[in-house]
>>> print(open('my_file-v8.csv').read())   # CSV, C-alpha atoms
chain,number,residue,atom,x,y,z
A,45,MET,CA,-76.4,25.3,23.0
A,46,HIS,CA,-74.9,28.7,21.9
A,47,PRO,CA,-71.5,28.8,20.1
A,48,ILE,CA,-68.4,29.6,22.1
A,49,VAL,CA,-65.6,32.0,21.2
A,50,TYR,CA,-62.2,30.8,22.5
A,51,TYR,CA,-59.3,33.3,22.7
A,52,ILE,CA,-55.9,31.6,23.1
A,53,SER,CA,-52.6,33.2,23.8
A,54,SER,CA,-50.1,33.1,20.9
A,55,HIS,CA,-47.1,32.9,23.3
A,56,GLY,CA,-45.5,29.7,22.2
A,57,PHE,CA,-47.6,26.6,21.6
A,58,GLY,CA,-48.4,25.6,25.1
A,59,HIS,CA,-51.7,27.5,25.6
A,60,ALA,CA,-53.1,26.1,22.4
A,61,ALA,CA,-51.8,22.6,23.3
A,62,ARG,CA,-53.6,22.5,26.6
A,63,GLN,CA,-56.8,24.1,25.4
A,64,GLN,CA,-56.8,21.6,22.6
A,65,ALA,CA,-57.8,19.0,25.2
A,66,VAL,CA,-60.8,21.0,26.3
A,67,ILE,CA,-61.9,21.9,22.8
A,68,GLN,CA,-61.8,18.2,21.8
A,69,GLN,CA,-64.1,17.5,24.7
A,70,LEU,CA,-66.5,20.2,23.6
A,71,ALA,CA,-66.5,19.0,20.0
A,72,ARG,CA,-67.5,15.5,21.1
A,73,ARG,CA,-70.4,17.1,22.9
A,74,GLY,CA,-71.5,18.9,19.7
A,75,VAL,CA,-70.5,22.4,20.8
A,76,ALA,CA,-69.6,24.9,18.1
A,77,VAL,CA,-66.2,26.4,19.0
A,78,HIS,CA,-64.6,29.4,17.3
A,79,VAL,CA,-60.9,29.7,18.1
A,80,ARG,CA,-59.2,33.0,17.8
A,81,THR,CA,-55.4,32.8,18.0
A,82,ALA,CA,-52.2,33.0,16.1
A,83,ALA,CA,-51.1,29.5,17.2
A,84,PRO,CA,-51.1,26.9,14.4
A,85,GLN,CA,-54.5,25.7,13.2
A,86,GLN,CA,-53.3,22.1,13.4
A,87,PHE,CA,-53.9,22.0,17.1
A,88,PHE,CA,-57.6,22.3,16.6
A,89,GLN,CA,-58.1,20.3,13.3
A,90,GLU,CA,-61.8,19.7,12.7
A,91,ALA,CA,-62.8,20.4,16.3
A,92,ALA,CA,-63.2,24.2,15.9
A,93,SER,CA,-63.5,27.0,13.4
A,94,TYR,CA,-60.3,28.9,13.3
A,95,HIS,CA,-59.4,32.6,12.9
A,96,ALA,CA,-55.7,33.6,12.8
A,97,GLN,CA,-55.1,36.7,14.8
A,98,ARG,CA,-52.7,37.7,17.6
A,99,TYR,CA,-54.5,39.0,20.7
A,100,ASP,CA,-51.6,39.2,23.1
A,101,VAL,CA,-47.8,39.1,23.0
A,102,GLY,CA,-46.8,37.1,26.0
A,103,MET,CA,-43.0,37.3,25.7
A,104,LEU,CA,-41.1,38.0,22.5
A,105,GLN,CA,-38.3,35.5,22.0
A,106,ALA,CA,-35.5,35.5,19.4
A,107,ASP,CA,-34.9,31.8,20.2
A,108,ALA,CA,-35.8,29.2,22.8
A,109,LEU,CA,-33.6,30.5,25.6
A,110,SER,CA,-33.8,34.3,25.2
A,111,TYR,CA,-36.5,36.8,26.3
A,112,ASP,CA,-37.0,40.4,25.0
A,113,VAL,CA,-38.7,42.0,27.9
A,114,ALA,CA,-38.4,45.6,26.7
A,115,GLY,CA,-39.6,44.7,23.2
A,116,SER,CA,-42.6,42.8,24.7
A,117,LEU,CA,-43.6,45.7,26.8
A,118,ARG,CA,-43.4,48.1,23.8
A,119,TRP,CA,-45.5,45.7,21.7
A,120,LEU,CA,-48.1,45.5,24.5
A,121,GLU,CA,-48.3,49.2,25.0
A,122,THR,CA,-48.9,49.8,21.3
A,123,PHE,CA,-51.4,47.0,21.1
A,124,MET,CA,-53.4,48.4,24.1
A,125,GLN,CA,-53.4,51.9,22.5
A,126,GLU,CA,-54.9,50.5,19.3
A,127,GLN,CA,-57.1,47.7,20.6
A,128,ASP,CA,-60.4,49.5,20.6
A,129,ALA,CA,-61.0,48.9,16.8
A,130,LEU,CA,-60.1,45.2,17.3
A,131,ILE,CA,-62.4,44.9,20.3
A,132,ALA,CA,-65.3,46.4,18.2
A,133,GLN,CA,-64.6,43.9,15.4
A,134,GLU,CA,-64.6,41.0,17.8
A,135,VAL,CA,-67.8,42.2,19.5
A,136,ALA,CA,-69.5,42.3,16.1
A,137,PHE,CA,-68.4,38.8,15.4
A,138,VAL,CA,-69.6,37.5,18.8
A,139,ARG,CA,-73.0,39.1,18.2
A,140,GLU,CA,-73.2,37.8,14.6
A,141,ILE,CA,-72.8,34.2,15.6
A,142,GLY,CA,-74.9,34.5,18.7
A,143,ALA,CA,-72.1,33.3,21.1
A,144,GLY,CA,-73.2,32.4,24.6
A,145,LEU,CA,-69.7,32.4,26.2
A,146,ILE,CA,-66.2,33.7,25.7
A,147,VAL,CA,-63.3,31.6,27.0
A,148,SER,CA,-59.8,33.0,27.5
A,149,ASP,CA,-56.3,31.5,28.0
A,150,MET,CA,-55.3,34.3,28.7
A,151,PRO,CA,-55.5,37.4,26.4
A,152,PRO,CA,-57.0,40.2,28.5
A,153,LEU,CA,-58.7,41.5,25.3
A,154,ALA,CA,-61.1,38.5,25.6
A,155,MET,CA,-62.6,40.0,28.8
A,156,GLU,CA,-63.0,43.4,27.2
A,157,VAL,CA,-64.9,41.8,24.3
A,158,ALA,CA,-67.1,39.8,26.6
A,159,SER,CA,-67.9,42.9,28.7
A,160,ALA,CA,-68.7,45.0,25.6
A,161,ALA,CA,-70.9,42.2,24.1
A,162,ASP,CA,-72.6,41.5,27.4
A,163,VAL,CA,-71.5,37.8,27.3
A,164,PRO,CA,-70.1,35.8,30.2
A,165,CYS,CA,-66.4,35.1,30.2
A,166,LEU,CA,-64.5,32.1,31.5
A,167,ALA,CA,-60.8,32.1,32.2
A,168,ILE,CA,-58.8,28.8,32.2
A,169,THR,CA,-55.2,29.0,33.3
A,170,HIS,CA,-52.6,28.5,36.1
A,171,PHE,CA,-50.9,31.9,35.6
A,172,THR,CA,-51.8,35.4,34.4
A,173,TRP,CA,-50.0,38.0,32.4
A,174,ASP,CA,-50.1,40.7,35.0
A,175,TRP,CA,-48.2,38.3,37.4
A,176,VAL,CA,-45.6,37.5,34.7
A,177,TYR,CA,-44.9,41.2,33.9
A,178,GLY,CA,-44.8,42.1,37.6
A,179,HIS,CA,-41.5,40.3,37.7
A,180,TYR,CA,-39.9,43.1,35.7
A,181,VAL,CA,-41.3,46.3,37.3
A,182,ASP,CA,-38.0,47.1,39.1
A,183,GLN,CA,-36.1,47.2,35.9
A,184,TYR,CA,-39.0,48.3,33.6
A,185,PRO,CA,-41.3,50.7,35.5
A,186,GLN,CA,-43.2,51.3,32.3
A,187,ALA,CA,-44.8,47.9,32.9
A,188,VAL,CA,-46.8,49.2,35.9
A,189,PRO,CA,-49.7,50.9,33.9
A,190,LEU,CA,-49.8,47.9,31.5
A,191,ILE,CA,-50.1,45.6,34.5
A,192,GLU,CA,-52.9,47.7,36.0
A,193,ALA,CA,-54.8,47.6,32.6
A,194,ILE,CA,-54.4,43.8,32.4
A,195,ARG,CA,-55.8,43.4,35.9
A,196,ALA,CA,-58.7,45.7,35.2
A,197,SER,CA,-59.6,43.5,32.2
A,198,TYR,CA,-59.2,40.3,34.1
A,199,ALA,CA,-61.5,41.7,36.8
A,200,LYS,CA,-64.3,41.5,34.2
A,201,THR,CA,-64.1,37.7,34.1
A,202,THR,CA,-67.2,35.9,35.2
A,203,LEU,CA,-65.4,32.8,36.5
A,204,ALA,CA,-61.7,31.7,36.5
A,205,LEU,CA,-60.9,28.0,36.5
A,206,GLN,CA,-57.5,27.8,38.3
A,207,LEU,CA,-55.5,24.8,37.0
A,208,GLN,CA,-53.8,23.0,39.9
A,209,MET,CA,-51.1,21.5,37.7
A,210,PRO,CA,-48.7,23.0,37.1
A,211,ILE,CA,-48.7,24.7,40.5
A,212,PRO,CA,-50.5,28.1,40.1
A,213,HIS,CA,-49.9,31.4,41.7
A,214,ALA,CA,-52.5,33.2,43.8
A,215,PHE,CA,-55.4,34.7,41.8
A,216,ASP,CA,-56.6,37.9,43.5
A,217,MET,CA,-58.2,39.9,40.6
A,218,PHE,CA,-60.9,37.6,39.6
A,219,PRO,CA,-64.3,37.9,41.2
A,220,ARG,CA,-64.8,34.2,41.4
A,221,VAL,CA,-62.2,31.3,41.2
A,222,GLU,CA,-62.7,27.6,41.2
A,223,ALA,CA,-59.8,25.1,41.3
A,224,ILE,CA,-59.7,22.2,38.8
A,225,PRO,CA,-57.0,19.5,37.9
A,226,GLY,CA,-54.4,20.2,35.2
A,227,LEU,CA,-55.1,19.8,31.5
A,228,TYR,CA,-53.3,17.4,29.3
A,229,ASN,CA,-54.1,15.5,26.1
A,230,PRO,CA,-54.9,11.8,26.0
A,231,VAL,CA,-52.7,9.5,24.0
A,232,THR,CA,-54.0,8.6,20.5
A,233,LYS,CA,-51.1,6.7,19.1
A,234,SER,CA,-49.0,3.7,20.2
A,235,ARG,CA,-45.2,3.7,20.6
A,236,ALA,CA,-45.1,1.4,17.5
A,237,ASP,CA,-47.1,4.1,15.6
A,238,ILE,CA,-44.5,6.7,16.5
A,239,GLN,CA,-41.6,4.4,15.6
A,240,ALA,CA,-43.1,3.8,12.2
A,241,GLU,CA,-43.9,7.5,11.6
A,242,PHE,CA,-40.4,8.7,12.4
A,243,ASN,CA,-38.4,5.6,11.2
A,244,LEU,CA,-37.2,4.6,14.7
A,245,ALA,CA,-35.8,1.2,15.3
A,246,PRO,CA,-37.5,-0.6,18.2
A,247,ASP,CA,-34.3,-1.0,20.2
A,248,MET,CA,-33.4,2.7,20.0
A,249,ARG,CA,-33.7,5.0,23.0
A,250,VAL,CA,-35.9,8.0,22.0
A,251,GLY,CA,-35.3,11.5,23.3
A,252,LEU,CA,-37.7,14.4,22.6
A,253,ILE,CA,-36.1,17.8,22.6
A,254,SER,CA,-38.9,20.3,23.3
A,255,MET,CA,-38.2,24.0,23.3
A,256,GLY,CA,-41.6,25.6,22.8
A,257,GLY,CA,-41.4,25.5,19.0
A,258,HIS,CA,-38.5,27.9,18.9
A,259,ALA,CA,-35.0,27.6,17.3
A,260,TRP,CA,-31.9,26.8,19.3
A,261,SER,CA,-29.3,29.2,18.1
A,262,ASN,CA,-27.2,28.9,21.3
A,263,LEU,CA,-27.1,25.2,22.1
A,264,ASP,CA,-24.0,23.0,21.7
A,265,LEU,CA,-25.3,19.6,20.5
A,266,ARG,CA,-22.0,18.0,19.4
A,267,ALA,CA,-22.1,15.5,22.2
A,268,LEU,CA,-25.6,14.4,21.2
A,269,LYS,CA,-24.6,13.8,17.6
A,270,ALA,CA,-22.1,11.2,18.9
A,271,MET,CA,-24.7,9.2,21.0
A,272,HIS,CA,-25.2,6.1,18.8
A,273,ASP,CA,-27.8,4.4,21.0
A,274,TRP,CA,-30.2,7.4,21.0
A,275,VAL,CA,-32.4,9.1,18.4
A,276,PHE,CA,-33.8,12.6,19.1
A,277,LEU,CA,-37.0,14.1,17.8
A,278,VAL,CA,-36.7,17.9,17.2
A,279,ASN,CA,-39.1,20.6,16.2
A,280,ASP,CA,-39.0,22.0,12.7
A,281,ALA,CA,-37.7,25.4,13.8
A,282,ALA,CA,-34.6,23.7,15.2
A,283,TRP,CA,-33.9,21.3,12.4
A,284,GLU,CA,-31.3,23.5,10.8
A,285,SER,CA,-29.1,23.1,13.9
A,286,VAL,CA,-29.1,19.3,13.6
A,287,SER,CA,-29.8,18.5,9.9
A,288,ASP,CA,-26.1,17.5,9.4
A,289,ALA,CA,-26.7,14.4,11.6
A,290,PRO,CA,-29.9,12.9,10.2
A,291,GLN,CA,-29.0,9.5,11.7
A,292,ARG,CA,-29.3,10.9,15.2
A,293,PHE,CA,-32.2,13.3,14.7
A,294,ARG,CA,-35.7,13.2,13.3
A,295,ARG,CA,-37.7,16.3,12.2
A,296,VAL,CA,-41.1,16.9,13.8
A,297,PRO,CA,-43.3,18.7,11.2
A,298,PRO,CA,-44.4,22.3,12.1
A,299,GLY,CA,-47.7,22.4,14.1
A,300,TYR,CA,-47.6,18.7,14.8
A,301,ALA,CA,-51.1,18.2,16.2
A,302,ALA,CA,-50.6,15.1,18.3
A,303,TYR,CA,-47.5,16.2,20.2
A,304,GLN,CA,-48.7,14.5,23.4
A,305,ASN,CA,-48.0,11.2,21.7
A,306,LEU,CA,-44.4,12.1,21.3
A,307,ILE,CA,-44.2,13.1,24.9
A,308,ALA,CA,-45.9,10.0,26.2
A,309,HIS,CA,-43.8,7.5,24.1
A,310,SER,CA,-40.4,9.1,24.4
A,311,ASP,CA,-37.9,7.6,26.9
A,312,VAL,CA,-36.8,11.1,28.1
A,313,LEU,CA,-38.0,14.6,27.3
A,314,VAL,CA,-35.3,17.3,27.3
A,315,GLY,CA,-36.2,21.0,27.3
A,316,LYS,CA,-36.9,24.3,28.9
A,317,VAL,CA,-39.8,24.0,31.3
A,318,GLY,CA,-43.1,25.4,30.1
A,319,GLY,CA,-46.6,25.0,31.6
A,320,SER,CA,-48.1,22.8,28.9
A,321,THR,CA,-45.0,20.6,28.6
A,322,VAL,CA,-44.8,20.1,32.4
A,323,ALA,CA,-48.5,19.2,32.4
A,324,GLU,CA,-48.1,16.6,29.7
A,325,VAL,CA,-44.9,15.2,31.3
A,326,VAL,CA,-46.6,14.8,34.6
A,327,GLY,CA,-49.8,13.6,33.0
A,328,HIS,CA,-48.1,10.8,31.1
A,329,GLY,CA,-45.3,10.0,33.5
A,330,THR,CA,-42.5,10.9,31.1
A,331,PRO,CA,-39.0,11.4,32.5
A,332,MET,CA,-37.6,14.9,31.9
A,333,ILE,CA,-34.3,16.7,31.9
A,334,TYR,CA,-34.9,20.4,32.1
A,335,THR,CA,-33.6,23.9,32.6
A,336,THR,CA,-35.1,27.2,33.7
A,337,HIS,CA,-34.5,30.8,32.8
A,338,PRO,CA,-34.2,33.5,35.5
A,339,LEU,CA,-36.2,36.0,33.4
A,340,TRP,CA,-39.2,33.8,33.3
A,341,ARG,CA,-41.2,34.1,36.5
A,342,GLU,CA,-43.1,30.9,36.1
A,343,SER,CA,-39.9,28.8,36.2
A,344,SER,CA,-39.9,28.3,40.0
A,345,LEU,CA,-43.4,27.0,40.0
A,346,LEU,CA,-42.8,24.6,37.1
A,347,ARG,CA,-39.6,23.3,38.8
A,348,GLU,CA,-41.6,22.8,42.0
A,349,THR,CA,-44.3,21.0,40.1
A,350,LEU,CA,-41.7,18.5,38.7
A,351,GLU,CA,-40.0,18.0,42.1
A,352,ARG,CA,-43.3,17.3,43.8
A,353,SER,CA,-44.5,14.9,41.1
A,354,ALA,CA,-43.7,11.2,40.8
A,355,VAL,CA,-42.0,11.9,37.5
A,356,ALA,CA,-38.3,11.1,37.2
A,357,SER,CA,-36.6,14.4,36.4
A,358,GLN,CA,-33.2,16.1,36.6
A,359,TYR,CA,-32.5,19.8,36.6
A,360,LEU,CA,-29.5,21.3,34.7
A,361,PRO,CA,-28.4,24.9,35.2
A,362,LEU,CA,-28.9,27.1,32.2
A,363,GLU,CA,-25.2,27.3,31.4
A,364,ASN,CA,-24.7,23.5,31.5
A,365,PHE,CA,-27.9,23.0,29.4
A,366,GLN,CA,-26.6,25.5,26.7
A,367,ARG,CA,-23.3,23.7,26.6
A,368,GLY,CA,-25.1,20.5,25.7
A,369,GLU,CA,-24.0,18.6,28.9
A,370,TRP,CA,-26.9,16.2,28.6
A,371,VAL,CA,-25.2,12.9,28.0
A,372,GLU,CA,-24.7,11.9,31.6
A,373,ALA,CA,-28.1,13.2,32.6
A,374,LEU,CA,-29.8,11.3,29.7
A,375,ASN,CA,-28.4,8.0,30.7
A,376,ALA,CA,-29.0,8.6,34.4
A,377,VAL,CA,-32.7,9.6,33.9
A,378,TYR,CA,-33.2,6.7,31.4
A,379,GLU,CA,-32.1,4.2,34.1
A,380,MET,CA,-34.5,5.6,36.7
A,381,PRO,CA,-37.7,3.6,37.1
A,382,ARG,CA,-40.5,4.9,34.9
A,383,ARG,CA,-42.9,6.1,37.6
A,384,GLN,CA,-46.6,6.4,37.6
A,385,ALA,CA,-48.5,9.1,35.7
A,386,TYR,CA,-50.6,11.8,37.1
A,387,SER,CA,-53.0,10.4,39.7
A,388,GLN,CA,-55.6,13.2,39.5
A,389,PRO,CA,-58.4,13.3,36.9
A,390,ASN,CA,-57.6,15.1,33.6
A,391,GLY,CA,-59.2,18.6,34.1
A,392,ALA,CA,-60.2,18.8,30.4
A,393,ALA,CA,-63.6,17.0,30.9
A,394,ILE,CA,-64.2,19.1,34.0
A,395,ALA,CA,-63.5,22.3,32.2
A,396,ALA,CA,-65.7,21.3,29.3
A,397,GLU,CA,-68.6,20.7,31.7
A,398,LYS,CA,-68.1,24.2,33.2
A,399,VAL,CA,-68.1,25.7,29.7
A,400,MET,CA,-71.3,24.0,28.8
A,401,ALA,CA,-73.0,25.0,32.1
A,402,MET,CA,-72.2,28.7,31.4
A,403,CYS,CA,-73.4,28.9,27.8
>>> encode(input="my_file-v8.csv", output="structure tokens")
Amino acid sequence: MHPIVYYISSHGFGHAARQQAVIQQLARRGVAVHVRTAAPQQFFQEAASYHAQRYDVGMLQADALSYDVAGSLRWLETFMQEQDALIAQEVAFVREIGAGLIVSDMPPLAMEVASAADVPCLAITHFTWDWVYGHYVDQYPQAVPLIEAIRASYAKTTLALQLQMPIPHAFDMFPRVEAIPGLYNPVTKSRADIQAEFNLAPDMRVGLISMGGHAWSNLDLRALKAMHDWVFLVNDAAWESVSDAPQRFRRVPPGYAAYQNLIAHSDVLVGKVGGSTVAEVVGHGTPMIYTTHPLWRESSLLRETLERSAVASQYLPLENFQRGEWVEALNAVYEMPRRQAYSQPNGAAIAAEKVMAMC
């Protein structure tokens, strides 16, 4: 079995989190995986060799609820103008280790490396960056040539595995597409383990506030600090916003590798919708209070995914969410019956089998 080179987007933590499930499957099968990403190494632990490098931009964000479209397009334009040297370095690495396959979620550069190295390329995703940036062309016409370049790179993919959860958009640039179930990570800790790890009393209601690893500079959390029957787990980047109320909040260390356990064992997850978060919520049947952002094209598909699923959920408009008007929603969603988890197979094992068949 030849080694695999795995390119993962550094936009947030979601791409790394979901590919973690596939990489763990491959590691159990004895496959050597080389991960190339700027996402934290903790996601991959001993399952893969790791190289820290940014291969795409996704969307630049100052905090969890803001998007810098113009800055992202400038970054991408500069990156594409200068990427030939990086592609050459990556091709040399691929040849040095004798890689038999390149996997991408979803840096377009991975397809260019595969093409130049004459190695097959497998894409695993439910959305593509050309589709995301297409949302902005009316206001930012400079996005058009960048989108065309991304699509040209994606067209060099050997096979695209289109995840069916969250709901995907149409794929029309890949020469071959196969649908597989969504990816999520299996639980590896019990609720009692989580309670002990974060000093949570057994009778406390546990909320997980998940904002993609970003800070929350524009959230009003005063009402949460007064909720004496709840404790909230928050990411390290946001700890400064709530550190004055340690009795109500617990800090999740940066790059926490087993995040799916926090999702599975929380009573309610509160956050901005993201692809990996929605997949884990639906996969584990965790209730969710969520908001969307009009600048993020994927939002409508993620909301539709939650509404179609059996998971108890409640939508809050962005303005209400930012004002911290969560108390009523938290108690309402908590009282809803905890519904069944995802009824479809976990796509991680299926994706791993596809990977092995191609290398």
>>> closest_residue(input="my_file-v8.csv", among="A:Tyr228, A:Phe123, A:Phe57, A:Tyr111", to="Asn390 (chain A)", atoms="all atoms listed in the file")
A:Tyr228
>>> atom_distance(input="my_file-v8.csv", atom1="CA of His78 (chain A)", atom2="CA of Glu134 (chain A)")
11.6 Å
>>> atom_distance(input="my_file-v8.csv", atom1="CA of Ser110 (chain A)", atom2="CA of Glu363 (chain A)")
12.7 Å
>>> closest_atom_pairs(input="my_file-v8.csv", of="region 293-313 of chain A", to="region 267-285 of chain A", cutoff="10 Å", atoms="all atoms listed in the file", output="Markdown table")
| residue | atom | partner | partner_atom | distance |
| --- | --- | --- | --- | --- |
| A:Phe293 | CA | A:Phe276 | CA | 4.7 |
| A:Arg294 | CA | A:Leu277 | CA | 4.8 |
| A:Arg295 | CA | A:Val278 | CA | 5.3 |
| A:Val296 | CA | A:Asn279 | CA | 4.8 |
| A:Pro297 | CA | A:Asp280 | CA | 5.6 |
| A:Pro298 | CA | A:Asp280 | CA | 5.4 |
| A:Gly299 | CA | A:Asp280 | CA | 8.8 |
| A:Tyr300 | CA | A:Asn279 | CA | 8.8 |
| A:Leu306 | CA | A:Leu277 | CA | 8.4 |
| A:Ser310 | CA | A:Leu277 | CA | 9.0 |
| A:Asp311 | CA | A:Trp274 | CA | 9.7 |
| A:Val312 | CA | A:Phe276 | CA | 9.6 |
| A:Leu313 | CA | A:Phe276 | CA | 9.4 |
>>> atom_distance(input="my_file-v8.csv", atom1="CA of Asp216 (chain A)", atom2="CA of Asp174 (chain A)")
11.1 Å
>>> residues_around(input="my_file-v8.csv", residues="Leu145 (chain A)", least_positions_apart="4", cutoff="6 Å", atoms="only C-alpha atoms", output="list in words")
Ile48, Val163, Pro164, Cys165 and Cys403 of chain A
>>> closest_residue(input="my_file-v8.csv", among="A:Leu244, A:Leu130, A:Leu345, A:Val317", to="Pro290 (chain A)", atoms="all atoms listed in the file")
A:Leu244
>>> closest_atom_pairs(input="my_file-v8.csv", of="region 54-114 of chain A", to="region 149-152 of chain A", cutoff="9 Å", atoms="only C-alpha atoms", output="CSV")
residue,atom,partner,partner_atom,distance
A:Ser54,CA,A:Pro151,CA,8.8
A:His59,CA,A:Asp149,CA,6.6
A:Ala60,CA,A:Asp149,CA,8.4
A:Gln63,CA,A:Asp149,CA,7.9
A:Tyr99,CA,A:Pro151,CA,6.0
A:Asp100,CA,A:Pro151,CA,5.4
A:Val101,CA,A:Pro151,CA,8.6
A:Gly102,CA,A:Pro151,CA,8.7
>>> residues_around(input="my_file-v8.csv", residues="region 352-356 of chain A", least_positions_apart="5", cutoff="12 Å", atoms="only C-alpha atoms", output="PyMOL selection string")
chain A and resi 209-211+311-313+322-334+345-347+373-374+376-388
>>> write_last_selection(input="my_file-v8.csv", atoms="C-alpha atoms", output="PDB file, in the coordinates of the input")
ATOM      1  CA  MET A 209     -51.100  21.500  37.700  1.00  0.00           C
ATOM      2  CA  PRO A 210     -48.700  23.000  37.100  1.00  0.00           C
ATOM      3  CA  ILE A 211     -48.700  24.700  40.500  1.00  0.00           C
ATOM      4  CA  ASP A 311     -37.900   7.600  26.900  1.00  0.00           C
ATOM      5  CA  VAL A 312     -36.800  11.100  28.100  1.00  0.00           C
ATOM      6  CA  LEU A 313     -38.000  14.600  27.300  1.00  0.00           C
ATOM      7  CA  VAL A 322     -44.800  20.100  32.400  1.00  0.00           C
ATOM      8  CA  ALA A 323     -48.500  19.200  32.400  1.00  0.00           C
ATOM      9  CA  GLU A 324     -48.100  16.600  29.700  1.00  0.00           C
ATOM     10  CA  VAL A 325     -44.900  15.200  31.300  1.00  0.00           C
ATOM     11  CA  VAL A 326     -46.600  14.800  34.600  1.00  0.00           C
ATOM     12  CA  GLY A 327     -49.800  13.600  33.000  1.00  0.00           C
ATOM     13  CA  HIS A 328     -48.100  10.800  31.100  1.00  0.00           C
ATOM     14  CA  GLY A 329     -45.300  10.000  33.500  1.00  0.00           C
ATOM     15  CA  THR A 330     -42.500  10.900  31.100  1.00  0.00           C
ATOM     16  CA  PRO A 331     -39.000  11.400  32.500  1.00  0.00           C
ATOM     17  CA  MET A 332     -37.600  14.900  31.900  1.00  0.00           C
ATOM     18  CA  ILE A 333     -34.300  16.700  31.900  1.00  0.00           C
ATOM     19  CA  TYR A 334     -34.900  20.400  32.100  1.00  0.00           C
ATOM     20  CA  LEU A 345     -43.400  27.000  40.000  1.00  0.00           C
ATOM     21  CA  LEU A 346     -42.800  24.600  37.100  1.00  0.00           C
ATOM     22  CA  ARG A 347     -39.600  23.300  38.800  1.00  0.00           C
ATOM     23  CA  ALA A 373     -28.100  13.200  32.600  1.00  0.00           C
ATOM     24  CA  LEU A 374     -29.800  11.300  29.700  1.00  0.00           C
ATOM     25  CA  ALA A 376     -29.000   8.600  34.400  1.00  0.00           C
ATOM     26  CA  VAL A 377     -32.700   9.600  33.900  1.00  0.00           C
ATOM     27  CA  TYR A 378     -33.200   6.700  31.400  1.00  0.00           C
ATOM     28  CA  GLU A 379     -32.100   4.200  34.100  1.00  0.00           C
ATOM     29  CA  MET A 380     -34.500   5.600  36.700  1.00  0.00           C
ATOM     30  CA  PRO A 381     -37.700   3.600  37.100  1.00  0.00           C
ATOM     31  CA  ARG A 382     -40.500   4.900  34.900  1.00  0.00           C
ATOM     32  CA  ARG A 383     -42.900   6.100  37.600  1.00  0.00           C
ATOM     33  CA  GLN A 384     -46.600   6.400  37.600  1.00  0.00           C
ATOM     34  CA  ALA A 385     -48.500   9.100  35.700  1.00  0.00           C
ATOM     35  CA  TYR A 386     -50.600  11.800  37.100  1.00  0.00           C
ATOM     36  CA  SER A 387     -53.000  10.400  39.700  1.00  0.00           C
ATOM     37  CA  GLN A 388     -55.600  13.200  39.500  1.00  0.00           C
TER      38      GLN A 388
END
>>> closest_residue(input="my_file-v8.csv", among="A:Ala396, A:Val176, A:Val66, A:Val314", to="Ser357 (chain A)", atoms="all atoms listed in the file")
A:Val314
